[in-house]
file model-v6.tsv (TSV, C-alpha atoms)
chain	number	residue	atom	x	y	z
A	1	MET	CA	95.81	-1.31	-3.33
A	2	ALA	CA	92.45	0.40	-3.72
A	3	ASN	CA	89.58	-1.95	-4.61
A	4	ASP	CA	91.03	-4.83	-2.55
A	5	ASP	CA	87.86	-4.82	-0.44
A	6	LEU	CA	85.42	-4.51	-3.34
A	7	GLY	CA	84.02	-7.98	-2.73
A	8	ARG	CA	83.51	-7.40	0.98
A	9	THR	CA	81.76	-4.08	0.30
A	10	LEU	CA	79.59	-5.64	-2.40
A	11	ARG	CA	78.46	-8.40	-0.04
A	12	ARG	CA	77.71	-5.93	2.78
A	13	LEU	CA	75.68	-3.61	0.53
A	14	ARG	CA	73.80	-6.53	-0.99
A	15	ARG	CA	72.83	-7.82	2.44
A	16	LEU	CA	71.80	-4.34	3.59
A	17	ALA	CA	69.51	-4.21	0.56
A	18	SER	CA	68.11	-7.67	1.54
A	19	LEU	CA	69.01	-9.07	-1.88
A	20	THR	CA	70.22	-12.53	-2.78
A	21	GLN	CA	73.01	-12.85	-5.31
A	22	GLU	CA	70.44	-13.96	-7.86
A	23	GLU	CA	68.20	-10.95	-7.15
A	24	LEU	CA	71.13	-8.54	-7.50
A	25	ALA	CA	72.04	-10.22	-10.78
A	26	SER	CA	68.49	-9.72	-12.03
A	27	ARG	CA	68.42	-6.07	-10.98
A	28	SER	CA	71.85	-5.18	-12.31
A	29	GLY	CA	72.18	-7.38	-15.38
A	30	VAL	CA	75.51	-8.69	-14.03
A	31	SER	CA	75.86	-12.46	-14.01
A	32	VAL	CA	75.54	-14.35	-10.75
A	33	ASP	CA	78.94	-15.91	-11.44
A	34	VAL	CA	80.67	-12.51	-11.54
A	35	ILE	CA	78.93	-11.40	-8.34
A	36	ARG	CA	79.90	-14.67	-6.63
A	37	GLN	CA	83.52	-14.38	-7.74
A	38	LEU	CA	83.76	-10.80	-6.47
A	39	GLU	CA	82.19	-11.57	-3.11
A	40	GLN	CA	84.39	-14.63	-2.62
A	41	ARG	CA	87.39	-12.48	-3.61
A	42	ARG	CA	88.34	-14.85	-6.39
A	43	LYS	CA	87.99	-11.78	-8.59
A	44	HIS	CA	89.34	-8.48	-7.18
A	45	SER	CA	88.14	-5.99	-9.76
A	46	ALA	CA	85.59	-5.43	-12.47
A	47	ARG	CA	85.26	-3.15	-15.47
A	48	LEU	CA	83.63	0.21	-14.96
A	49	PRO	CA	80.36	-0.67	-16.78
A	50	THR	CA	80.01	-3.70	-14.49
A	51	LEU	CA	80.60	-1.55	-11.41
A	52	HIS	CA	78.04	0.98	-12.68
A	53	ALA	CA	75.50	-1.80	-13.14
A	54	LEU	CA	76.12	-3.25	-9.67
A	55	ALA	CA	75.78	0.17	-8.05
A	56	ASN	CA	72.50	0.77	-9.89
A	57	GLY	CA	71.23	-2.65	-8.85
A	58	LEU	CA	72.07	-1.91	-5.23
A	59	GLY	CA	70.54	1.56	-5.41
A	60	VAL	CA	73.75	3.31	-4.33
A	61	GLU	CA	76.27	5.69	-5.86
A	62	LEU	CA	79.28	4.16	-7.54
A	63	THR	CA	81.51	5.79	-4.92
A	64	THR	CA	79.56	3.98	-2.18
A	65	LEU	CA	80.42	0.67	-3.80
A	66	LEU	CA	84.04	1.59	-4.48
A	67	GLY	CA	84.63	3.52	-1.27
A	68	ASP	CA	85.82	7.02	-0.46
A	69	PRO	CA	89.44	8.07	-0.11
A	70	PRO	CA	90.68	6.92	3.29
A	71	ALA	CA	89.66	9.24	6.11
A	72	VAL	CA	92.34	7.87	8.40
A	73	SER	CA	96.09	7.49	8.37
A	74	SER	CA	97.72	4.62	6.54
A	75	SER	CA	97.44	2.47	9.66
A	76	GLY	CA	93.75	2.08	8.76
A	77	GLU	CA	92.66	2.10	12.40
A	78	ASN	CA	89.08	3.27	12.01
A	79	ASP	CA	88.51	2.89	15.74
A	80	GLY	CA	91.97	3.91	16.88
A	81	PRO	CA	92.59	6.17	19.89
A	82	GLN	CA	91.90	9.38	17.97
A	83	PHE	CA	88.48	8.27	16.85
A	84	VAL	CA	87.64	6.83	20.26
A	85	ALA	CA	88.34	10.29	21.69
A	86	VAL	CA	86.02	11.88	19.08
A	87	ARG	CA	83.29	9.37	19.92
A	88	ARG	CA	83.66	10.15	23.63
A	89	ALA	CA	83.48	13.87	22.95
A	90	ILE	CA	80.27	13.46	20.95
A	91	MET	CA	78.75	11.17	23.59
A	92	PRO	CA	80.24	12.00	27.00
A	93	ALA	CA	80.04	9.33	29.67
A	94	LEU	CA	76.85	9.26	31.73
A	95	TRP	CA	77.15	10.90	35.15
A	96	GLY	CA	80.51	12.32	34.21
A	97	PRO	CA	81.99	15.32	35.99
A	98	GLU	CA	80.61	18.77	35.26
A	99	LEU	CA	82.52	20.77	32.72
A	100	PRO	CA	84.71	23.49	34.18
A	101	PRO	CA	84.09	27.07	32.98
A	102	PRO	CA	86.31	28.34	30.15
A	103	GLY	CA	89.82	29.33	31.18
A	104	PRO	CA	91.02	32.94	31.44
A	105	ASP	CA	92.58	32.86	27.96
A	106	PHE	CA	89.41	31.56	26.30
A	107	THR	CA	87.50	33.71	23.81
A	108	LEU	CA	84.51	32.82	21.66
A	109	ASP	CA	86.14	34.53	18.69
A	110	GLY	CA	89.19	32.31	19.15
A	111	LEU	CA	87.02	29.20	19.37
A	112	ARG	CA	85.09	30.14	16.24
A	113	GLY	CA	88.38	30.67	14.41
A	114	GLN	CA	89.59	27.22	15.46
A	115	ILE	CA	86.34	25.61	14.31
A	116	ALA	CA	86.61	27.44	10.97
A	117	ASP	CA	90.16	26.10	10.64
A	118	GLY	CA	88.75	22.64	11.29
A	119	TRP	CA	86.33	23.01	8.39
A	120	THR	CA	89.17	24.15	6.11
A	121	GLN	CA	91.19	21.07	7.10
A	122	TYR	CA	88.17	18.83	6.57
A	123	HIS	CA	87.66	20.12	3.01
A	124	ALA	CA	91.36	19.53	2.37
A	125	ALA	CA	90.89	15.88	3.51
A	126	GLU	CA	93.21	16.41	6.50
A	127	PHE	CA	91.05	14.13	8.61
A	128	ASP	CA	93.72	13.11	11.11
A	129	THR	CA	94.36	16.75	11.95
A	130	VAL	CA	90.65	17.43	12.43
A	131	MET	CA	90.20	14.39	14.66
A	132	LYS	CA	93.04	15.46	16.92
A	133	ALA	CA	91.41	18.85	17.44
A	134	LEU	CA	87.75	17.84	17.77
A	135	PRO	CA	87.65	16.59	21.40
A	136	VAL	CA	89.07	19.83	22.80
A	137	LEU	CA	86.94	21.99	20.51
A	138	ILE	CA	83.75	20.16	21.51
A	139	SER	CA	84.64	20.40	25.20
A	140	ASP	CA	85.40	24.12	24.95
A	141	ALA	CA	82.15	24.74	23.09
A	142	ARG	CA	80.14	22.83	25.71
A	143	SER	CA	81.76	24.90	28.45
A	144	ALA	CA	81.00	28.14	26.59
A	145	ALA	CA	77.36	27.11	26.12
A	146	ALA	CA	76.97	26.48	29.85
A	147	SER	CA	78.43	29.70	31.25
A	148	GLY	CA	78.34	33.46	30.85
A	149	SER	CA	75.49	35.80	29.99
A	150	GLU	CA	72.48	34.81	27.90
A	151	ASP	CA	74.09	36.27	24.77
A	152	GLU	CA	77.35	34.49	25.49
A	153	ARG	CA	75.52	31.19	25.99
A	154	GLY	CA	73.69	31.70	22.69
A	155	ALA	CA	77.00	32.22	20.91
A	156	GLY	CA	78.43	29.23	22.78
A	157	TYR	CA	75.58	27.03	21.56
A	158	ALA	CA	76.23	28.27	18.02
A	159	ALA	CA	79.86	27.18	18.32
A	160	LEU	CA	78.79	23.84	19.81
A	161	GLY	CA	76.34	23.20	16.99
A	162	LYS	CA	78.95	24.01	14.36
A	163	VAL	CA	81.65	21.80	15.86
A	164	LEU	CA	79.23	18.88	16.35
A	165	GLN	CA	78.24	19.31	12.71
A	166	LEU	CA	81.93	19.00	11.81
A	167	ALA	CA	82.23	15.88	13.98
A	168	GLY	CA	79.24	14.41	12.15
A	169	HIS	CA	80.93	14.98	8.79
A	170	VAL	CA	84.11	13.29	10.00
A	171	ALA	CA	82.07	10.33	11.29
A	172	VAL	CA	80.47	9.95	7.85
A	173	ARG	CA	83.91	9.91	6.24
A	174	MET	CA	84.89	7.18	8.69
A	175	GLY	CA	81.89	5.13	7.61
A	176	LYS	CA	80.13	5.65	10.97
A	177	THR	CA	76.84	7.09	9.76
A	178	ASP	CA	74.87	6.17	12.89
A	179	LEU	CA	77.38	8.04	15.07
A	180	ALA	CA	77.20	10.91	12.58
A	181	LEU	CA	73.44	11.16	13.05
A	182	ILE	CA	73.85	11.20	16.83
A	183	SER	CA	76.34	14.06	16.51
A	184	LEU	CA	74.07	15.92	14.10
A	185	GLU	CA	71.00	15.47	16.32
A	186	ARG	CA	72.95	16.97	19.22
A	187	ALA	CA	74.10	19.74	16.89
A	188	ILE	CA	70.45	20.47	16.08
A	189	ASP	CA	69.65	20.69	19.81
A	190	ALA	CA	72.48	23.20	20.19
A	191	ALA	CA	71.38	25.16	17.10
A	192	GLU	CA	67.87	25.55	18.51
A	193	GLN	CA	69.36	27.25	21.57
A	194	SER	CA	71.88	29.30	19.60
A	195	SER	CA	71.92	32.86	18.33
A	196	ASP	CA	72.46	31.79	14.70
A	197	PRO	CA	69.24	31.34	12.65
A	198	LEU	CA	71.18	29.79	9.75
A	199	LEU	CA	72.79	27.04	11.81
A	200	LEU	CA	69.76	24.75	11.97
A	201	PRO	CA	69.21	24.55	8.19
A	202	MET	CA	72.95	24.00	7.68
A	203	ILE	CA	72.88	21.02	10.03
A	204	VAL	CA	69.72	19.73	8.35
A	205	ASN	CA	71.70	19.75	5.10
A	206	SER	CA	74.41	17.63	6.73
A	207	THR	CA	71.72	15.28	8.02
A	208	ALA	CA	70.27	14.94	4.51
A	209	TRP	CA	73.73	14.04	3.22
A	210	THR	CA	74.07	11.39	5.92
A	211	TYR	CA	70.66	9.97	5.01
A	212	GLN	CA	71.86	9.76	1.41
A	213	ARG	CA	74.85	7.74	2.53
A	214	GLN	CA	72.46	5.34	4.27
A	215	GLY	CA	70.28	5.01	1.18
A	216	ARG	CA	67.40	6.92	2.82
A	217	LEU	CA	66.78	9.00	-0.27
A	218	ALA	CA	63.15	9.94	0.37
A	219	ASP	CA	64.06	11.13	3.88
A	220	ALA	CA	67.01	13.11	2.54
A	221	LEU	CA	64.93	14.75	-0.19
A	222	GLY	CA	62.08	15.58	2.17
A	223	ILE	CA	64.09	17.28	4.90
A	224	ALA	CA	66.23	19.26	2.44
A	225	LEU	CA	63.20	20.62	0.59
A	226	ARG	CA	61.35	21.41	3.81
A	227	ALA	CA	64.33	23.27	5.27
A	228	ALA	CA	64.84	25.25	2.02
A	229	ASP	CA	61.16	26.19	1.94
A	230	ASN	CA	61.25	27.21	5.62
A	231	MET	CA	64.21	29.48	4.93
A	232	ALA	CA	62.31	31.22	2.14
A	233	ASP	CA	59.17	31.55	4.28
A	234	LEU	CA	61.18	33.10	7.14
A	235	GLY	CA	62.96	35.55	4.83
A	236	LEU	CA	66.40	34.08	5.52
A	237	THR	CA	67.61	34.13	1.89
A	238	GLY	CA	68.11	37.88	1.63
A	239	THR	CA	71.76	37.77	2.73
A	240	ALA	CA	74.77	36.16	1.09
A	241	ASP	CA	75.12	33.61	3.91
A	242	GLY	CA	71.42	32.83	3.89
A	243	LEU	CA	71.37	32.29	0.14
A	244	LYS	CA	74.39	30.01	0.42
A	245	VAL	CA	72.64	27.85	2.99
A	246	TRP	CA	69.47	27.72	0.87
A	247	GLY	CA	71.58	26.80	-2.14
A	248	GLY	CA	73.32	23.99	-0.30
A	249	LEU	CA	69.94	22.53	0.65
A	250	THR	CA	68.68	22.79	-2.92
A	251	MET	CA	71.75	21.02	-4.30
A	252	SER	CA	71.34	18.30	-1.68
A	253	ALA	CA	67.70	17.83	-2.68
A	254	ALA	CA	68.75	17.58	-6.33
A	255	THR	CA	71.25	14.84	-5.51
A	256	SER	CA	68.57	12.85	-3.69
A	257	ALA	CA	66.17	13.27	-6.61
A	258	ALA	CA	68.80	12.08	-9.08
A	259	ARG	CA	69.69	9.07	-6.97
A	260	SER	CA	65.96	8.25	-6.77
A	261	GLY	CA	65.87	8.06	-10.57
A	262	ASP	CA	64.36	11.49	-11.28
A	263	TYR	CA	67.29	13.04	-13.13
A	264	GLU	CA	65.14	15.59	-14.94
A	265	ARG	CA	63.81	16.99	-11.66
A	266	ALA	CA	67.34	17.08	-10.29
A	267	ALA	CA	68.65	18.91	-13.35
A	268	ALA	CA	65.88	21.50	-13.07
A	269	MET	CA	66.71	22.07	-9.38
A	270	MET	CA	70.37	22.55	-10.23
A	271	GLU	CA	69.59	25.03	-13.01
A	272	THR	CA	67.53	27.06	-10.53
A	273	ALA	CA	70.34	26.87	-7.98
A	274	GLU	CA	72.92	28.08	-10.51
A	275	LYS	CA	70.80	31.10	-11.39
A	276	GLU	CA	70.38	31.97	-7.71
A	277	ALA	CA	74.09	31.48	-7.05
A	278	ALA	CA	74.85	34.37	-9.40
A	279	ARG	CA	73.22	36.67	-6.83
A	280	VAL	CA	75.67	35.76	-4.07
A	281	SER	CA	78.54	37.89	-5.36
A	282	LYS	CA	76.24	40.92	-5.54
A	283	MET	CA	75.40	40.75	-1.84
A	284	PRO	CA	77.50	42.06	1.06
A	285	ASP	CA	79.95	39.49	2.36
A	286	GLY	CA	78.49	37.84	5.43
A	287	GLY	CA	81.76	37.10	7.22
A	288	ASP	CA	83.82	33.91	7.49
A	289	ASN	CA	82.92	31.84	4.43
A	290	ARG	CA	84.41	28.76	6.06
A	291	MET	CA	81.47	28.58	8.47
A	292	VAL	CA	78.65	28.53	5.90
A	293	SER	CA	77.57	26.21	3.10
A	294	VAL	CA	79.63	26.12	-0.09
A	295	PHE	CA	77.49	27.81	-2.76
A	296	SER	CA	78.67	29.76	-5.78
A	297	PRO	CA	78.17	29.51	-9.55
A	298	SER	CA	81.28	27.35	-9.86
A	299	SER	CA	80.35	25.02	-6.98
A	300	VAL	CA	76.89	24.51	-8.46
A	301	ARG	CA	78.44	23.74	-11.83
A	302	VAL	CA	80.76	21.19	-10.17
A	303	GLU	CA	77.69	19.48	-8.69
A	304	ARG	CA	75.86	19.58	-12.03
A	305	VAL	CA	78.84	17.86	-13.67
A	306	ARG	CA	78.84	15.25	-10.93
A	307	LEU	CA	75.14	14.48	-11.27
A	308	ALA	CA	75.38	14.26	-15.05
A	309	VAL	CA	78.25	11.81	-15.04
A	310	GLN	CA	76.92	9.72	-12.16
A	311	TYR	CA	73.52	9.27	-13.73
A	312	GLY	CA	74.45	8.36	-17.26
A	313	HIS	CA	74.80	11.70	-19.09
A	314	PRO	CA	78.57	11.92	-19.74
A	315	ARG	CA	78.29	14.22	-22.76
A	316	ASP	CA	76.19	16.66	-20.74
A	317	ALA	CA	78.85	16.50	-18.02
A	318	LEU	CA	81.63	17.38	-20.45
A	319	ALA	CA	79.60	20.23	-21.94
A	320	LEU	CA	78.96	21.64	-18.45
A	321	ALA	CA	82.63	21.35	-17.50
A	322	LYS	CA	84.01	22.92	-20.66
A	323	GLY	CA	85.72	26.24	-19.99
A	324	MET	CA	84.90	26.21	-16.26
A	325	ARG	CA	86.78	28.61	-14.01
A	326	LEU	CA	86.47	27.79	-10.34
A	327	SER	CA	86.09	30.64	-7.87
A	328	LYS	CA	88.77	31.08	-5.23
A	329	ASP	CA	86.42	29.98	-2.43
A	330	THR	CA	85.84	26.55	-4.02
A	331	PRO	CA	87.35	23.98	-1.59
A	332	PRO	CA	90.29	21.92	-2.89
A	333	SER	CA	88.32	18.69	-2.51
A	334	TRP	CA	85.70	19.98	-4.97
A	335	ARG	CA	88.42	20.73	-7.53
A	336	THR	CA	89.78	17.18	-7.32
A	337	TRP	CA	86.30	15.67	-7.59
A	338	LEU	CA	85.62	17.73	-10.71
A	339	LEU	CA	88.72	16.38	-12.42
A	340	LEU	CA	87.80	12.82	-11.48
A	341	ASP	CA	84.25	13.26	-12.77
A	342	VAL	CA	85.49	14.72	-16.05
A	343	ALA	CA	87.91	11.82	-16.46
A	344	ARG	CA	85.07	9.41	-15.80
A	345	ALA	CA	82.88	11.15	-18.40
A	346	HIS	CA	85.64	10.87	-21.03
A	347	ALA	CA	86.01	7.17	-20.22
A	348	ASP	CA	82.27	6.62	-20.45
A	349	ILE	CA	82.11	7.97	-24.01
A	350	GLY	CA	85.20	6.00	-25.08
A	351	ASP	CA	87.60	8.96	-25.17
A	352	ALA	CA	90.61	7.26	-23.59
A	353	ALA	CA	93.02	10.06	-24.50
A	354	GLY	CA	90.76	12.67	-22.88
A	355	ALA	CA	90.45	10.55	-19.75
A	356	VAL	CA	94.23	10.15	-19.49
A	357	LYS	CA	94.85	13.86	-19.99
A	358	THR	CA	92.40	14.72	-17.21
A	359	LEU	CA	93.82	12.08	-14.88
A	360	GLU	CA	97.30	13.50	-15.47
A	361	SER	CA	95.97	16.86	-14.27
A	362	LEU	CA	94.43	15.17	-11.23
A	363	ARG	CA	97.76	13.53	-10.42
A	364	ARG	CA	99.49	16.91	-10.48
A	365	VAL	CA	96.83	18.50	-8.25
A	366	ALA	CA	96.25	15.71	-5.70
A	367	PRO	CA	98.62	12.76	-6.14
A	368	ALA	CA	98.04	11.17	-2.72
A	369	TRP	CA	94.27	11.57	-2.96
A	370	MET	CA	94.26	10.00	-6.42
A	371	GLN	CA	96.49	7.11	-5.44
A	372	HIS	CA	94.06	6.00	-2.76
A	373	HIS	CA	90.83	6.71	-4.59
A	374	THR	CA	89.17	3.56	-5.80
A	375	LEU	CA	87.26	5.26	-8.63
A	376	ALA	CA	90.49	6.67	-10.09
A	377	VAL	CA	92.00	3.20	-9.92
A	378	ALA	CA	88.92	1.68	-11.56
A	379	ILE	CA	89.06	4.14	-14.46
A	380	VAL	CA	92.76	3.51	-15.08
A	381	ARG	CA	92.26	-0.24	-14.77
A	382	ASP	CA	89.51	-0.03	-17.41
A	383	LEU	CA	91.73	2.00	-19.74
A	384	TRP	CA	94.62	-0.41	-19.17
A	385	ALA	CA	92.44	-3.29	-20.39
A	386	LEU	CA	92.01	-1.60	-23.79
A	387	PRO	CA	94.05	-2.97	-26.73
A	388	HIS	CA	95.54	0.43	-27.52
A	389	HIS	CA	96.97	2.64	-24.77
A	390	PRO	CA	97.03	6.41	-25.26
A	391	PRO	CA	100.22	8.31	-24.36
A	392	GLY	CA	100.61	8.79	-20.64
A	393	LEU	CA	98.52	5.82	-19.56
A	394	GLY	CA	101.54	3.68	-18.74
A	395	ALA	CA	102.85	6.20	-16.21
A	396	LEU	CA	99.41	6.46	-14.58
A	397	ALA	CA	99.08	2.67	-14.45
A	398	ASP	CA	102.51	2.38	-12.80
A	399	PHE	CA	101.63	5.15	-10.33
A	400	LEU	CA	98.43	3.38	-9.27
A	401	GLY	CA	99.82	-0.15	-9.40
A	402	VAL	CA	97.42	-1.17	-12.14
A	403	SER	CA	100.13	-2.41	-14.52
A	404	GLU	CA	101.43	-5.00	-12.09
call {"tool": "encode", "arguments": {"input": "model-v6.tsv", "output": "structure tokens"}}
result
Amino acid sequence: MANDDLGRTLRRLRRLASLTQEELASRSGVSVDVIRQLEQRRKHSARLPTLHALANGLGVELTTLLGDPPAVSSSGENDGPQFVAVRRAIMPALWGPELPPPGPDFTLDGLRGQIADGWTQYHAAEFDTVMKALPVLISDARSAAASGSEDERGAGYAALGKVLQLAGHVAVRMGKTDLALISLERAIDAAEQSSDPLLLPMIVNSTAWTYQRQGRLADALGIALRAADNMADLGLTGTADGLKVWGGLTMSAATSAARSGDYERAAAMMETAEKEAARVSKMPDGGDNRMVSVFSPSSVRVERVRLAVQYGHPRDALALAKGMRLSKDTPPSWRTWLLLDVARAHADIGDAAGAVKTLESLRRVAPAWMQHHTLAVAIVRDLWALPHHPPGLGALADFLGVSE
């Protein structure tokens, strides 16, 4: 059941923050006794306001405390053979054999298509599928970057940077942020030798996200803003793809600002980003959208909803989400997150019926994702503790095992 490891995660995050149980209690307003019971696993869950308070006291997002949906198969082998192969591909053995040149059937266009497919699978949370493909894709990209003409090598380095960026994202989802940064640093090296001027700022955005996951908010904010400013200075925002990359960096900076406690600055950044996103559809299509940052009016609105609900403005979140129509290029994972955030906003303002209705929609859209998502379980557990249950809550509680 999701949340079984809440106590273990709480203890790990508290120690990373160099806090005693008493200090966390003082910061969060949660009693030392509750913290002790959770960490000793005498208490396996807590109400949503308590979890909010603990996350704020630790200086992390609620999802960091509760955990992401599993990025591995139900076996739970975070360091199973598939991931070991990904790790080896990111960091080949020292003094290993030289890579052979690409085979006769190899084409850069084919490789780019496979990498784009990998990004589609990643956004659909098909992490096992991505991990199976990554070692071969990384090897093929390394071979392409080391052979052929200068132009071919530049394109090969672009493919290598993009696939190492993907490997970094998968490592983050596996909870291996240090490995993710190694992959992203190597992706940056490849980007600097590539023929794609937008690749470096895209990888910087991924690095900022990884810093956020490590609680390095000032670092994340600084590199995202610097990269966005550099893009503007170099005139790289005049194309649809360039504007998307700039927009992704701006949204990342806004998230870091919000997590640092400056919600007003974050909201202003997101308003600017949403205005700029309206220009994307008026520009010529830059090519394969799977290979560039996600940035459109609807994706910005999804992020604005998320920031509002995560940082204590649930009514603003519901107002932003009202009447939203997501564009066709919005990844499925963003759609599911939107529904979860809206459900959370309803719960935060005491609208149990609205929360249940939204969670029912989430169950129809992504039942497996919902069943393993600790935040969804926490919301339903909170609603289940209420004296009066709205219609539909019983079925959700049974589905998630909360009623047991």
call {"tool": "residues_around", "arguments": {"input": "model-v6.tsv", "residues": "A:Trp334", "least_positions_apart": "4", "cutoff": "12 Å", "atoms": "only C-alpha atoms", "output": "PyMOL selection string"}}
result
chain A and resi 122-125+294-295+298-303+305-306+326-330+338-341+362+365-366
call {"tool": "closest_residue", "arguments": {"input": "model-v6.tsv", "among": "A:Ala155, A:Val204, A:Met251, A:Ala89", "to": "A:Glu274", "atoms": "all atoms listed in the file"}}
result
A:Met251
call {"tool": "atom_distance", "arguments": {"input": "model-v6.tsv", "atom1": "atom CA of A:Leu375", "atom2": "atom CA of A:Ser256"}}
result
20.8 Å
call {"tool": "atom_distance", "arguments": {"input": "model-v6.tsv", "atom1": "atom CA of A:Gly401", "atom2": "atom CA of A:Leu10"}}
result
22.1 Å
call {"tool": "atom_distance", "arguments": {"input": "model-v6.tsv", "atom1": "atom CA of A:Arg14", "atom2": "atom CA of A:Leu65"}}
result
10.2 Å
call {"tool": "residues_around", "arguments": {"input": "model-v6.tsv", "residues": "A:Phe83", "least_positions_apart": "6", "cutoff": "10 Å", "atoms": "all atoms listed in the file", "output": "MDAnalysis selection string"}}
result
chainID A and resid 72 77 89 128 131:132 134:135 170:171 174
call {"tool": "closest_residue", "arguments": {"input": "model-v6.tsv", "among": "A:Ala267, A:Leu54, A:Ile138, A:Leu243", "to": "A:Gln165", "atoms": "only C-alpha atoms"}}
result
A:Ile138
call {"tool": "residues_around", "arguments": {"input": "model-v6.tsv", "residues": "A:Arg216", "least_positions_apart": "6", "cutoff": "12 Å", "atoms": "all atoms listed in the file", "output": "PyMOL selection string"}}
result
chain A and resi 17+59-60+177+207-210+222-223+256-257+259-260
call {"tool": "closest_residue", "arguments": {"input": "model-v6.tsv", "among": "A:Ile90, A:Val380, A:Leu13, A:Leu38", "to": "A:Gln214", "atoms": "all atoms listed in the file"}}
result
A:Leu13
call {"tool": "closest_residue", "arguments": {"input": "model-v6.tsv", "among": "A:Gln212, A:Thr336, A:Ser361, A:Thr107", "to": "A:His373", "atoms": "only C-alpha atoms"}}
result
A:Thr336
call {"tool": "decode", "arguments": {"input": "model-v6.tsv", "residues": "stretch 247-289 of chain A", "atoms": "C-alpha atoms", "output": "tab-separated table (two decimals), in the first residue's frame"}}
result
chain	number	residue	atom	x	y	z
A	247	GLY	CA	9.35	28.84	-21.44
A	248	GLY	CA	10.40	25.59	-19.80
A	249	LEU	CA	13.27	27.39	-18.08
A	250	THR	CA	10.98	30.18	-16.90
A	251	MET	CA	8.48	27.72	-15.43
A	252	SER	CA	11.32	25.89	-13.69
A	253	ALA	CA	12.57	29.16	-12.20
A	254	ALA	CA	9.04	29.93	-10.99
A	255	THR	CA	8.82	26.57	-9.23
A	256	SER	CA	12.12	27.21	-7.45
A	257	ALA	CA	10.96	30.68	-6.40
A	258	ALA	CA	7.71	29.28	-5.02
A	259	ARG	CA	9.47	26.53	-3.11
A	260	SER	CA	11.80	29.19	-1.66
A	261	GLY	CA	8.77	30.98	-0.23
A	262	ASP	CA	8.41	33.72	-2.86
A	263	TYR	CA	5.04	32.73	-4.27
A	264	GLU	CA	4.28	36.22	-5.60
A	265	ARG	CA	7.46	36.24	-7.70
A	266	ALA	CA	6.65	32.76	-8.94
A	267	ALA	CA	3.10	33.76	-9.89
A	268	ALA	CA	4.41	36.77	-11.82
A	269	MET	CA	6.88	34.57	-13.72
A	270	MET	CA	4.11	32.15	-14.62
A	271	GLU	CA	1.83	34.94	-15.84
A	272	THR	CA	4.63	36.15	-18.12
A	273	ALA	CA	5.23	32.60	-19.34
A	274	GLU	CA	1.54	32.10	-20.15
A	275	LYS	CA	1.45	35.29	-22.22
A	276	GLU	CA	4.55	34.21	-24.14
A	277	ALA	CA	3.15	30.71	-24.66
A	278	ALA	CA	0.32	32.18	-26.71
A	279	ARG	CA	2.92	33.10	-29.35
A	280	VAL	CA	4.00	29.50	-29.91
A	281	SER	CA	1.02	28.50	-32.02
A	282	LYS	CA	1.60	31.50	-34.30
A	283	MET	CA	5.12	30.40	-35.19
A	284	PRO	CA	6.13	27.78	-37.77
A	285	ASP	CA	6.30	24.29	-36.31
A	286	GLY	CA	9.91	23.47	-35.50
A	287	GLY	CA	9.72	19.72	-36.07
A	288	ASP	CA	9.37	16.82	-33.63
A	289	ASN	CA	7.70	18.27	-30.53
